[in-house]
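Next comes structure.cif, with mmCIF, C-alpha atoms.
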data_entry
#
loop_
_atom_site.group_PDB
_atom_site.id
_atom_site.type_symbol
_atom_site.label_atom_id
_atom_site.label_comp_id
_atom_site.auth_asym_id
_atom_site.auth_seq_id
_atom_site.Cartn_x
_atom_site.Cartn_y
_atom_site.Cartn_z
ATOM 1 C CA MET A 1 58.294 -19.158 26.721
ATOM 2 C CA ALA A 2 59.430 -20.271 30.181
ATOM 3 C CA ALA A 3 55.913 -21.073 31.380
ATOM 4 C CA ILE A 4 55.353 -23.501 28.512
ATOM 5 C CA LEU A 5 58.685 -25.204 29.177
ATOM 6 C CA GLU A 6 57.692 -25.767 32.798
ATOM 7 C CA ILE A 7 54.355 -27.261 31.769
ATOM 8 C CA ASP A 8 56.152 -29.433 29.211
ATOM 9 C CA ARG A 9 58.141 -30.953 32.056
ATOM 10 C CA ILE A 10 54.987 -31.740 34.018
ATOM 11 C CA ILE A 11 53.226 -33.238 31.003
ATOM 12 C CA GLY A 12 56.294 -35.325 30.213
ATOM 13 C CA PHE A 13 56.018 -36.785 33.694
ATOM 14 C CA LYS A 14 52.240 -37.129 33.984
ATOM 15 C CA LEU A 15 49.583 -36.355 31.391
ATOM 16 C CA GLU A 16 46.708 -34.481 33.039
ATOM 17 C CA PRO A 17 43.797 -32.589 31.412
ATOM 18 C CA ASP A 18 44.323 -29.402 33.425
ATOM 19 C CA CYS A 19 47.977 -29.218 32.361
ATOM 20 C CA LEU A 20 47.025 -29.678 28.719
ATOM 21 C CA GLU A 21 44.414 -26.954 29.089
ATOM 22 C CA LEU A 22 46.888 -24.534 30.658
ATOM 23 C CA ARG A 23 49.459 -25.162 27.946
ATOM 24 C CA ALA A 24 46.786 -24.727 25.268
ATOM 25 C CA TRP A 25 45.862 -21.279 26.629
ATOM 26 C CA PHE A 26 49.521 -20.225 26.668
ATOM 27 C CA LEU A 27 49.904 -21.459 23.089
ATOM 28 C CA ILE A 28 46.844 -19.472 22.025
ATOM 29 C CA VAL A 29 48.360 -16.358 23.599
ATOM 30 C CA ILE A 30 51.496 -16.715 21.466
ATOM 31 C CA GLU A 31 49.287 -17.581 18.458
ATOM 32 C CA ASP A 32 50.627 -21.114 18.049
ATOM 33 C CA TYR A 33 47.168 -22.337 17.130
ATOM 34 C CA GLY A 34 48.282 -25.658 15.658
ATOM 35 C CA SER A 35 49.939 -26.759 18.891
ATOM 36 C CA ALA A 36 47.006 -25.449 20.909
ATOM 37 C CA LEU A 37 44.601 -27.501 18.797
ATOM 38 C CA ARG A 38 46.805 -30.555 19.344
ATOM 39 C CA ASP A 39 46.599 -30.142 23.117
ATOM 40 C CA VAL A 40 42.857 -29.532 23.123
ATOM 41 C CA ARG A 41 42.209 -32.627 21.020
ATOM 42 C CA ALA A 42 44.447 -34.716 23.282
ATOM 43 C CA LEU A 43 42.691 -33.268 26.322
ATOM 44 C CA PHE A 44 39.274 -34.353 25.084
ATOM 45 C CA THR A 45 40.623 -37.782 24.285
ATOM 46 C CA LEU A 46 41.491 -38.075 27.966
ATOM 47 C CA ASP A 47 38.164 -36.666 29.142
ATOM 48 C CA PRO A 48 35.413 -36.082 26.546
ATOM 49 C CA ASN A 49 33.254 -34.260 29.117
ATOM 50 C CA TYR A 50 35.940 -31.806 30.221
ATOM 51 C CA ARG A 51 34.919 -28.134 30.204
ATOM 52 C CA MET A 52 37.556 -25.448 29.887
ATOM 53 C CA PHE A 53 38.039 -21.980 31.354
ATOM 54 C CA ASN A 54 36.417 -22.744 34.712
ATOM 55 C CA GLU A 55 33.767 -24.856 32.976
ATOM 56 C CA HIS A 56 32.562 -21.955 30.824
ATOM 57 C CA ILE A 57 33.758 -23.270 27.448
ATOM 58 C CA SER A 58 32.990 -26.627 25.866
ATOM 59 C CA GLY A 59 35.612 -28.500 23.926
ATOM 60 C CA GLU A 60 33.606 -28.446 20.712
ATOM 61 C CA ASN A 61 33.435 -24.651 20.733
ATOM 62 C CA LEU A 62 37.157 -24.196 21.265
ATOM 63 C CA ILE A 63 38.049 -26.801 18.639
ATOM 64 C CA GLU A 64 35.698 -25.083 16.197
ATOM 65 C CA PHE A 65 37.436 -21.760 16.865
ATOM 66 C CA LEU A 66 40.926 -23.226 16.456
ATOM 67 C CA ASN A 67 39.939 -25.063 13.283
ATOM 68 C CA LEU A 68 39.400 -21.653 11.699
ATOM 69 C CA LYS A 69 43.030 -20.807 12.469
ATOM 70 C CA VAL A 70 44.613 -24.060 11.303
ATOM 71 C CA GLN A 71 44.518 -25.583 7.848
ATOM 72 C CA GLN A 72 42.618 -28.859 7.930
ATOM 73 C CA GLY A 73 43.764 -31.878 5.943
ATOM 74 C CA SER A 74 41.824 -34.749 4.444
ATOM 75 C CA GLN A 75 41.445 -38.153 6.081
ATOM 76 C CA ALA A 76 44.330 -39.380 3.932
ATOM 77 C CA ASP A 77 46.470 -36.487 5.188
ATOM 78 C CA CYS A 78 45.571 -37.473 8.740
ATOM 79 C CA TRP A 79 46.754 -41.029 8.158
ATOM 80 C CA MET A 80 50.096 -39.666 6.958
ATOM 81 C CA GLN A 81 50.340 -37.368 9.980
ATOM 82 C CA LEU A 82 49.516 -40.249 12.293
ATOM 83 C CA TYR A 83 52.210 -42.380 10.685
ATOM 84 C CA ASP A 84 54.795 -39.616 11.097
ATOM 85 C CA ARG A 85 53.894 -38.809 14.692
ATOM 86 C CA TRP A 86 53.647 -42.445 15.716
ATOM 87 C CA SER A 87 57.082 -43.056 14.171
ATOM 88 C CA CYS A 88 58.529 -40.090 16.070
ATOM 89 C CA LEU A 89 57.029 -41.313 19.375
ATOM 90 C CA ASP A 90 54.884 -38.182 19.564
ATOM 91 C CA ASP A 91 52.087 -39.749 21.611
ATOM 92 C CA ILE A 92 50.176 -36.533 22.303
ATOM 93 C CA GLY A 93 50.364 -35.559 18.651
ATOM 94 C CA SER A 94 49.151 -39.033 17.680
ATOM 95 C CA LEU A 95 46.188 -38.746 20.048
ATOM 96 C CA ALA A 96 45.278 -35.399 18.503
ATOM 97 C CA VAL A 97 45.359 -36.759 14.959
ATOM 98 C CA ILE A 98 43.215 -39.758 15.915
ATOM 99 C CA HIS A 99 40.728 -37.429 17.628
ATOM 100 C CA GLN A 100 40.423 -35.468 14.391
ATOM 101 C CA MET A 101 40.019 -38.648 12.336
ATOM 102 C CA LEU A 102 37.248 -39.922 14.602
ATOM 103 C CA VAL A 103 35.239 -36.782 13.891
ATOM 104 C CA ASN A 104 35.071 -37.897 10.260
ATOM 105 C CA ASP A 105 34.837 -41.622 10.970
ATOM 106 C CA PRO A 106 33.431 -42.148 14.484
ATOM 107 C CA GLY A 107 32.700 -45.831 13.937
ATOM 108 C CA LYS A 108 36.295 -46.875 13.248
ATOM 109 C CA SER A 109 37.162 -49.428 15.938
ATOM 110 C CA LEU A 110 40.806 -49.566 14.814
ATOM 111 C CA LEU A 111 41.241 -45.882 15.690
ATOM 112 C CA ARG A 112 39.761 -46.473 19.139
ATOM 113 C CA PHE A 113 42.197 -49.330 19.638
ATOM 114 C CA ARG A 114 45.073 -47.057 18.620
ATOM 115 C CA GLN A 115 43.848 -44.590 21.234
ATOM 116 C CA PHE A 116 43.873 -47.382 23.790
ATOM 117 C CA LEU A 117 47.484 -48.322 23.012
ATOM 118 C CA LEU A 118 48.662 -44.709 23.202
ATOM 119 C CA LEU A 119 46.832 -43.994 26.446
ATOM 120 C CA LEU A 120 48.155 -47.206 27.935
ATOM 121 C CA ARG A 121 51.685 -46.100 27.039
ATOM 122 C CA LEU A 122 50.987 -42.702 28.605
ATOM 123 C CA ASN A 123 49.796 -44.412 31.801
ATOM 124 C CA CYS A 124 46.242 -43.068 31.449
ATOM 125 C CA GLN A 125 44.536 -46.292 32.453
ATOM 126 C CA LYS A 126 40.974 -45.045 32.906
ATOM 127 C CA ALA A 127 40.857 -43.269 29.553
ATOM 128 C CA ALA A 128 42.564 -46.233 27.875
ATOM 129 C CA MET A 129 39.927 -48.687 29.066
ATOM 130 C CA ARG A 130 37.125 -46.357 27.971
ATOM 131 C CA CYS A 131 38.579 -46.300 24.457
ATOM 132 C CA LEU A 132 39.035 -50.065 24.506
ATOM 133 C CA ARG A 133 35.387 -50.614 25.396
ATOM 134 C CA LEU A 134 34.371 -48.307 22.568
ATOM 135 C CA ALA A 135 36.603 -50.280 20.206
ATOM 136 C CA ARG A 136 34.942 -53.502 21.300
ATOM 137 C CA ASN A 137 31.431 -52.094 20.867
ATOM 138 C CA LEU A 138 32.217 -50.678 17.430
ATOM 139 C CA SER A 139 34.021 -53.709 16.050
ATOM 140 C CA SER A 140 32.234 -55.709 13.375
ATOM 141 C CA SER A 141 34.937 -58.383 13.262
ATOM 142 C CA GLU A 142 34.624 -61.348 15.599
ATOM 143 C CA HIS A 143 38.358 -61.950 15.951
ATOM 144 C CA LYS A 144 38.956 -58.292 16.859
ATOM 145 C CA LYS A 145 36.109 -58.323 19.370
ATOM 146 C CA LEU A 146 37.768 -61.266 21.066
ATOM 147 C CA VAL A 147 41.037 -59.336 21.314
ATOM 148 C CA TYR A 148 39.305 -56.308 22.816
ATOM 149 C CA GLU A 149 37.409 -58.510 25.264
ATOM 150 C CA GLY A 150 40.707 -60.146 26.178
ATOM 151 C CA TRP A 151 42.230 -56.799 27.114
ATOM 152 C CA ILE A 152 39.189 -55.951 29.233
ATOM 153 C CA LEU A 153 39.395 -59.305 31.014
ATOM 154 C CA TYR A 154 43.118 -58.840 31.587
ATOM 155 C CA ASP A 155 42.541 -55.394 33.062
ATOM 156 C CA THR A 156 39.971 -56.803 35.492
ATOM 157 C CA GLY A 157 42.297 -59.575 36.656
ATOM 158 C CA HIS A 158 40.877 -62.477 34.631
ATOM 159 C CA ARG A 159 44.125 -63.388 32.925
ATOM 160 C CA GLU A 160 43.469 -66.992 31.987
ATOM 161 C CA GLU A 161 40.158 -65.991 30.397
ATOM 162 C CA ALA A 162 41.985 -63.217 28.539
ATOM 163 C CA ILE A 163 44.489 -65.704 27.120
ATOM 164 C CA ALA A 164 41.601 -67.933 26.074
ATOM 165 C CA ARG A 165 40.112 -64.993 24.148
ATOM 166 C CA ALA A 166 43.459 -64.397 22.448
ATOM 167 C CA ASP A 167 43.742 -68.066 21.479
ATOM 168 C CA GLU A 168 40.202 -68.084 20.110
ATOM 169 C CA SER A 169 40.953 -64.964 18.081
ATOM 170 C CA ILE A 170 44.137 -66.549 16.711
ATOM 171 C CA SER A 171 42.166 -69.638 15.706
ATOM 172 C CA ILE A 172 39.924 -67.393 13.586
ATOM 173 C CA GLN A 173 42.675 -65.175 12.181
ATOM 174 C CA ARG A 174 46.358 -64.925 13.052
ATOM 175 C CA SER A 175 46.712 -61.215 13.745
ATOM 176 C CA PHE A 176 49.361 -59.049 15.357
ATOM 177 C CA GLU A 177 46.810 -57.723 17.857
ATOM 178 C CA ALA A 178 45.930 -61.201 19.129
ATOM 179 C CA PHE A 179 49.550 -62.337 19.435
ATOM 180 C CA PHE A 180 50.468 -59.065 21.125
ATOM 181 C CA LEU A 181 47.705 -59.517 23.703
ATOM 182 C CA LYS A 182 48.821 -63.063 24.454
ATOM 183 C CA ALA A 183 52.494 -62.110 24.645
ATOM 184 C CA TYR A 184 51.743 -59.177 26.937
ATOM 185 C CA ILE A 185 49.778 -61.324 29.381
ATOM 186 C CA LEU A 186 52.210 -64.234 29.366
ATOM 187 C CA ALA A 187 55.209 -61.962 29.840
ATOM 188 C CA ASP A 188 53.460 -60.176 32.704
ATOM 189 C CA THR A 189 52.273 -63.284 34.521
ATOM 190 C CA SER A 190 55.099 -65.705 33.639
ATOM 191 C CA LEU A 191 52.549 -68.423 33.003
ATOM 192 C CA GLY A 192 55.018 -70.567 31.133
ATOM 193 C CA SER A 193 57.791 -70.893 28.588
ATOM 194 C CA GLU A 194 55.252 -70.379 25.811
ATOM 195 C CA SER A 195 55.570 -66.636 26.369
ATOM 196 C CA SER A 196 59.022 -66.578 24.793
ATOM 197 C CA TYR A 197 57.635 -68.230 21.656
ATOM 198 C CA VAL A 198 54.746 -65.797 21.361
ATOM 199 C CA ILE A 199 56.979 -62.784 21.930
ATOM 200 C CA GLU A 200 59.365 -64.102 19.284
ATOM 201 C CA LEU A 201 56.500 -63.985 16.791
ATOM 202 C CA LEU A 202 56.224 -60.280 17.505
ATOM 203 C CA GLU A 203 59.924 -59.502 17.212
ATOM 204 C CA GLU A 204 61.294 -57.960 14.075
ATOM 205 C CA PRO A 205 63.425 -60.305 11.960
ATOM 206 C CA SER A 206 66.319 -57.956 12.643
ATOM 207 C CA SER A 207 66.213 -58.676 16.376
ATOM 208 C CA ILE A 208 66.235 -62.398 15.703
ATOM 209 C CA TYR A 209 69.223 -61.993 13.383
ATOM 210 C CA VAL A 210 71.088 -60.147 16.144
ATOM 211 C CA ASP A 211 70.391 -62.923 18.632
ATOM 212 C CA CYS A 212 71.714 -65.428 16.090
ATOM 213 C CA GLY A 213 74.857 -63.384 15.546
ATOM 214 C CA LYS A 214 73.924 -62.505 11.948
ATOM 215 C CA LEU A 215 74.751 -58.834 12.304
ATOM 216 C CA ASP A 216 74.946 -58.012 8.591
ATOM 217 C CA GLU A 217 71.466 -59.393 7.971
ATOM 218 C CA ALA A 218 70.179 -57.542 11.019
ATOM 219 C CA THR A 219 71.700 -54.288 9.777
ATOM 220 C CA ASN A 220 69.929 -54.675 6.441
ATOM 221 C CA CYS A 221 66.602 -55.230 8.184
ATOM 222 C CA TYR A 222 67.043 -52.173 10.380
ATOM 223 C CA MET A 223 68.073 -50.015 7.422
ATOM 224 C CA ASN A 224 64.975 -51.129 5.526
ATOM 225 C CA ALA A 225 62.893 -50.258 8.581
ATOM 226 C CA LEU A 226 64.395 -46.764 8.681
ATOM 227 C CA GLU A 227 63.464 -46.244 5.045
ATOM 228 C CA ILE A 228 59.799 -46.588 6.008
ATOM 229 C CA LYS A 229 60.329 -44.313 9.040
ATOM 230 C CA HIS A 230 60.365 -47.017 11.694
ATOM 231 C CA THR A 231 62.193 -44.725 14.099
ATOM 232 C CA ARG A 232 62.977 -47.331 16.740
ATOM 233 C CA ALA A 233 65.283 -49.037 14.244
ATOM 234 C CA HIS A 234 67.971 -46.559 15.355
ATOM 235 C CA GLN A 235 68.011 -48.354 18.701
ATOM 236 C CA GLY A 236 68.537 -51.693 16.987
ATOM 237 C CA LEU A 237 71.378 -50.319 14.891
ATOM 238 C CA ALA A 238 72.981 -48.885 18.012
ATOM 239 C CA ARG A 239 72.936 -52.328 19.579
ATOM 240 C CA ILE A 240 74.644 -53.805 16.511
ATOM 241 C CA HIS A 241 77.360 -51.135 16.578
ATOM 242 C CA PHE A 242 77.927 -51.845 20.259
ATOM 243 C CA LEU A 243 78.226 -55.587 19.618
ATOM 244 C CA ARG A 244 80.867 -54.730 17.024
ATOM 245 C CA ASN A 245 82.774 -52.753 19.676
ATOM 246 C CA GLN A 246 81.863 -49.464 17.982
ATOM 247 C CA GLN A 247 80.674 -47.632 21.076
ATOM 248 C CA LYS A 248 80.989 -44.122 19.623
ATOM 249 C CA THR A 249 78.960 -45.117 16.562
ATOM 250 C CA ALA A 250 76.335 -46.703 18.821
ATOM 251 C CA TYR A 251 76.109 -43.464 20.803
ATOM 252 C CA ASP A 252 75.721 -41.440 17.605
ATOM 253 C CA GLU A 253 72.965 -43.769 16.396
ATOM 254 C CA MET A 254 71.008 -43.277 19.619
ATOM 255 C CA SER A 255 71.514 -39.527 19.233
ATOM 256 C CA LYS A 256 69.641 -39.736 15.928
ATOM 257 C CA LEU A 257 66.717 -41.313 17.776
ATOM 258 C CA ILE A 258 66.838 -38.591 20.429
ATOM 259 C CA GLU A 259 66.531 -35.965 17.694
ATOM 260 C CA LYS A 260 63.163 -37.518 16.827
ATOM 261 C CA ALA A 261 62.043 -38.399 20.357
ATOM 262 C CA ILE A 262 63.608 -35.649 22.435
ATOM 263 C CA SER A 263 61.191 -35.940 25.361
ATOM 264 C CA ASN A 264 61.378 -39.715 25.746
ATOM 265 C CA ALA A 265 63.138 -40.669 28.966
ATOM 266 C CA SER A 266 63.777 -44.273 27.937
ATOM 267 C CA VAL A 267 65.820 -43.146 24.930
ATOM 268 C CA TYR A 268 68.183 -41.085 27.082
ATOM 269 C CA GLU A 269 68.471 -43.979 29.506
ATOM 270 C CA LYS A 270 69.325 -46.339 26.665
ATOM 271 C CA ARG A 271 71.932 -43.975 25.207
ATOM 272 C CA SER A 272 73.687 -43.845 28.570
ATOM 273 C CA GLU A 273 74.669 -47.487 28.021
ATOM 274 C CA TYR A 274 76.842 -46.424 25.094
ATOM 275 C CA CYS A 275 78.924 -43.791 26.881
ATOM 276 C CA ASP A 276 80.836 -43.375 30.121
ATOM 277 C CA GLY A 277 81.421 -40.935 32.920
ATOM 278 C CA LEU A 278 79.930 -37.476 32.651
ATOM 279 C CA MET A 279 78.120 -38.164 29.381
ATOM 280 C CA ALA A 280 76.298 -41.159 30.856
ATOM 281 C CA LYS A 281 75.459 -39.181 33.975
ATOM 282 C CA ASN A 282 74.059 -36.315 31.903
ATOM 283 C CA ASP A 283 71.819 -38.691 29.942
ATOM 284 C CA LEU A 284 70.530 -40.309 33.116
ATOM 285 C CA ASN A 285 69.917 -36.917 34.708
ATOM 286 C CA MET A 286 67.845 -35.993 31.668
ATOM 287 C CA ALA A 287 65.938 -39.283 31.950
ATOM 288 C CA THR A 288 65.137 -38.453 35.576
ATOM 289 C CA ARG A 289 63.954 -34.957 34.684
ATOM 290 C CA LEU A 290 61.646 -36.376 32.028
ATOM 291 C CA ASP A 291 60.398 -39.269 34.161
ATOM 292 C CA PRO A 292 61.312 -39.156 37.876
ATOM 293 C CA LEU A 293 59.784 -42.609 38.434
ATOM 294 C CA ARG A 294 62.395 -44.467 36.371
ATOM 295 C CA THR A 295 64.539 -46.389 38.849
ATOM 296 C CA TYR A 296 67.689 -47.216 36.871
ATOM 297 C CA PRO A 297 69.169 -43.672 36.906
ATOM 298 C CA TYR A 298 68.945 -43.578 40.718
ATOM 299 C CA ARG A 299 70.675 -46.956 41.006
ATOM 300 C CA TYR A 300 73.414 -45.852 38.615
ATOM 301 C CA ARG A 301 74.111 -42.640 40.510
ATOM 302 C CA ALA A 302 74.110 -44.489 43.832
ATOM 303 C CA ALA A 303 76.605 -47.127 42.664
#
Please express what this file holds, its structure, as structure tokens.
Amino acid sequence: MAAILEIDRIIGFKLEPDCLELRAWFLIVIEDYGSALRDVRALFTLDPNYRMFNEHISGENLIEFLNLKVQQGSQADCWMQLYDRWSCLDDIGSLAVIHQMLVNDPGKSLLRFRQFLLLLRLNCQKAAMRCLRLARNLSSSEHKKLVYEGWILYDTGHREEAIARADESISIQRSFEAFFLKAYILADTSLGSESSYVIELLEEPSSIYVDCGKLDEATNCYMNALEIKHTRAHQGLARIHFLRNQQKTAYDEMSKLIEKAISNASVYEKRSEYCDGLMAKNDLNMATRLDPLRTYPYRYRAA
């Protein structure tokens, strides 16, 4: 349906509640109730107080109606769906699954933090911070509370205090979340060489192997990652093929990632590095269509 394709392009550029609502109504018309439910759940993650159809319909009523049309899975099924959608870079689908899970387990701070990360990636800052505050309020773990407080402090410009929260959390328990917070702030503010060390702690062993020139070991790590559906491993394998002067194989590897993340502009931009001429231009044109704010494609075409 042409109308849905046009809305897809807008949503790929900027996620807005009214666009999700419009697409949901179109999906209901063509009886694609599963996709409509996905959009409605994502919509109410962005704005829990949003009212649909000129403010005549509440979200709960529409979700209740769509639930009758779509088979509902257990909480365990939802975790599997979340894993699959997260691996495939389906951020809207991931938001929808988390929204469903929170209905059954509203006090789960980890799910709120996952919402925060997804919304941050989707550039929905206001909604992201709302979810982060909920995660902080719901958390029963001191080291996690410190991480959530650190993100809030970072967002309000108190970066040194945010790093202090991360360090305090690490002193209680060395967690990925705490190191990620510290790495993110240090990388953003360039507060010192320590940032490279912290970021290294977050890197996959495969990336470290590549930097050390141990390409066989890196390949094994990436292949193991693919076996557990770590989709981004395709990008790492492409880099290894390129370092081995296998440009065509690198391009093919990135194509496998595009099959799983077809609407991700960064993937098309990355694949353009492994081809030349018209093929590179086509990939960069697609990246621009998906995200007009990316600057590299404009610089490439201007050169």
*Could you tell me which residues the PyMOL selection byres ((chain A and resi 95) around 12) returns for this structure, as a PyMOL selection string?*
chain A and resi 37-46+78+81-83+85-86+89-94+96-102+111-122+127-128+131
*asked:* Could you check which residues have any atom within 12 Å of (31.7, -49.6, 20.2), counting all atoms listed in the file with coordinates taken straight from the file, and then list them as an NGL selection string?
replied: :A and (106-113 or 130-141 or 144-145 or 148-149)
*CA of Leu27 (chain A) to CA of Ala3 (chain A), straight-line distance in Å*: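 Answer for the CA of Ala3 (chain A) to CA of Leu27 (chain A) separation: 10.2 Å.
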Give as a PDB file with C-alpha atoms, in the coordinates of the input the residues that the PyMOL selection byres ((chain A and resi 286-297) around 9) matches when applied to the coordinates above.
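Final output, saved to part37.pdb:
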ATOM      1  CA  ARG A   9      58.141 -30.953  32.056  1.00  0.00           C
ATOM      2  CA  ILE A  10      54.987 -31.740  34.018  1.00  0.00           C
ATOM      3  CA  GLY A  12      56.294 -35.325  30.213  1.00  0.00           C
ATOM      4  CA  PHE A  13      56.018 -36.785  33.694  1.00  0.00           C
ATOM      5  CA  LYS A  14      52.240 -37.129  33.984  1.00  0.00           C
ATOM      6  CA  SER A 263      61.191 -35.940  25.361  1.00  0.00           C
ATOM      7  CA  ASN A 264      61.378 -39.715  25.746  1.00  0.00           C
ATOM      8  CA  ALA A 265      63.138 -40.669  28.966  1.00  0.00           C
ATOM      9  CA  SER A 266      63.777 -44.273  27.937  1.00  0.00           C
ATOM     10  CA  VAL A 267      65.820 -43.146  24.930  1.00  0.00           C
ATOM     11  CA  TYR A 268      68.183 -41.085  27.082  1.00  0.00           C
ATOM     12  CA  GLU A 269      68.471 -43.979  29.506  1.00  0.00           C
ATOM     13  CA  LYS A 281      75.459 -39.181  33.975  1.00  0.00           C
ATOM     14  CA  ASN A 282      74.059 -36.315  31.903  1.00  0.00           C
ATOM     15  CA  ASP A 283      71.819 -38.691  29.942  1.00  0.00           C
ATOM     16  CA  LEU A 284      70.530 -40.309  33.116  1.00  0.00           C
ATOM     17  CA  ASN A 285      69.917 -36.917  34.708  1.00  0.00           C
ATOM     18  CA  TYR A 298      68.945 -43.578  40.718  1.00  0.00           C
ATOM     19  CA  ARG A 299      70.675 -46.956  41.006  1.00  0.00           C
ATOM     20  CA  TYR A 300      73.414 -45.852  38.615  1.00  0.00           C
ATOM     21  CA  ARG A 301      74.111 -42.640  40.510  1.00  0.00           C
ATOM     22  CA  ALA A 302      74.110 -44.489  43.832  1.00  0.00           C
TER      23      ALA A 302
END
_List as an MDAnalysis selection string the protein and nucleic acid residues near Phe26 (chain A), meaning an atom at most 9 Å away when only C-alpha atoms are counted, but skip any in the same chain fewer than 5 places from it._
chainID A and resid 1 3:4 21 31:32 36
Supply region 48-59 of chain A as a PDB file, in the coordinates of the input, with N, CA and C atoms built in where the input has gaps.
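selection-v1.pdb was written with the following content:
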ATOM      1  N   PRO A  48      36.327 -36.694  27.523  1.00  0.00           N
ATOM      2  CA  PRO A  48      35.413 -36.082  26.546  1.00  0.00           C
ATOM      3  C   PRO A  48      34.437 -35.079  27.160  1.00  0.00           C
ATOM      4  N   ASN A  49      34.215 -35.157  28.460  1.00  0.00           N
ATOM      5  CA  ASN A  49      33.254 -34.260  29.117  1.00  0.00           C
ATOM      6  C   ASN A  49      33.916 -33.061  29.787  1.00  0.00           C
ATOM      7  N   TYR A  50      35.202 -32.901  29.581  1.00  0.00           N
ATOM      8  CA  TYR A  50      35.940 -31.806  30.221  1.00  0.00           C
ATOM      9  C   TYR A  50      35.457 -30.460  29.691  1.00  0.00           C
ATOM     10  N   ARG A  51      35.288 -29.497  30.596  1.00  0.00           N
ATOM     11  CA  ARG A  51      34.919 -28.134  30.204  1.00  0.00           C
ATOM     12  C   ARG A  51      36.031 -27.187  30.618  1.00  0.00           C
ATOM     13  N   MET A  52      36.399 -26.306  29.698  1.00  0.00           N
ATOM     14  CA  MET A  52      37.556 -25.448  29.887  1.00  0.00           C
ATOM     15  C   MET A  52      37.167 -24.081  30.438  1.00  0.00           C
ATOM     16  N   PHE A  53      38.195 -23.349  30.859  1.00  0.00           N
ATOM     17  CA  PHE A  53      38.039 -21.980  31.354  1.00  0.00           C
ATOM     18  C   PHE A  53      36.996 -21.933  32.471  1.00  0.00           C
ATOM     19  N   ASN A  54      37.315 -22.666  33.551  1.00  0.00           N
ATOM     20  CA  ASN A  54      36.417 -22.744  34.712  1.00  0.00           C
ATOM     21  C   ASN A  54      35.021 -23.222  34.325  1.00  0.00           C
ATOM     22  N   GLU A  55      35.001 -24.198  33.418  1.00  0.00           N
ATOM     23  CA  GLU A  55      33.767 -24.856  32.976  1.00  0.00           C
ATOM     24  C   GLU A  55      32.836 -23.934  32.190  1.00  0.00           C
ATOM     25  N   HIS A  56      33.381 -22.872  31.608  1.00  0.00           N
ATOM     26  CA  HIS A  56      32.562 -21.955  30.824  1.00  0.00           C
ATOM     27  C   HIS A  56      32.600 -22.248  29.324  1.00  0.00           C
ATOM     28  N   ILE A  57      33.592 -23.026  28.881  1.00  0.00           N
ATOM     29  CA  ILE A  57      33.758 -23.270  27.448  1.00  0.00           C
ATOM     30  C   ILE A  57      33.779 -24.775  27.190  1.00  0.00           C
ATOM     31  N   SER A  58      32.987 -25.212  26.234  1.00  0.00           N
ATOM     32  CA  SER A  58      32.990 -26.627  25.866  1.00  0.00           C
ATOM     33  C   SER A  58      34.123 -26.896  24.881  1.00  0.00           C
ATOM     34  N   GLY A  59      34.531 -28.141  24.826  1.00  0.00           N
ATOM     35  CA  GLY A  59      35.612 -28.500  23.926  1.00  0.00           C
ATOM     36  C   GLY A  59      35.264 -28.284  22.468  1.00  0.00           C
TER      37      GLY A  59
END
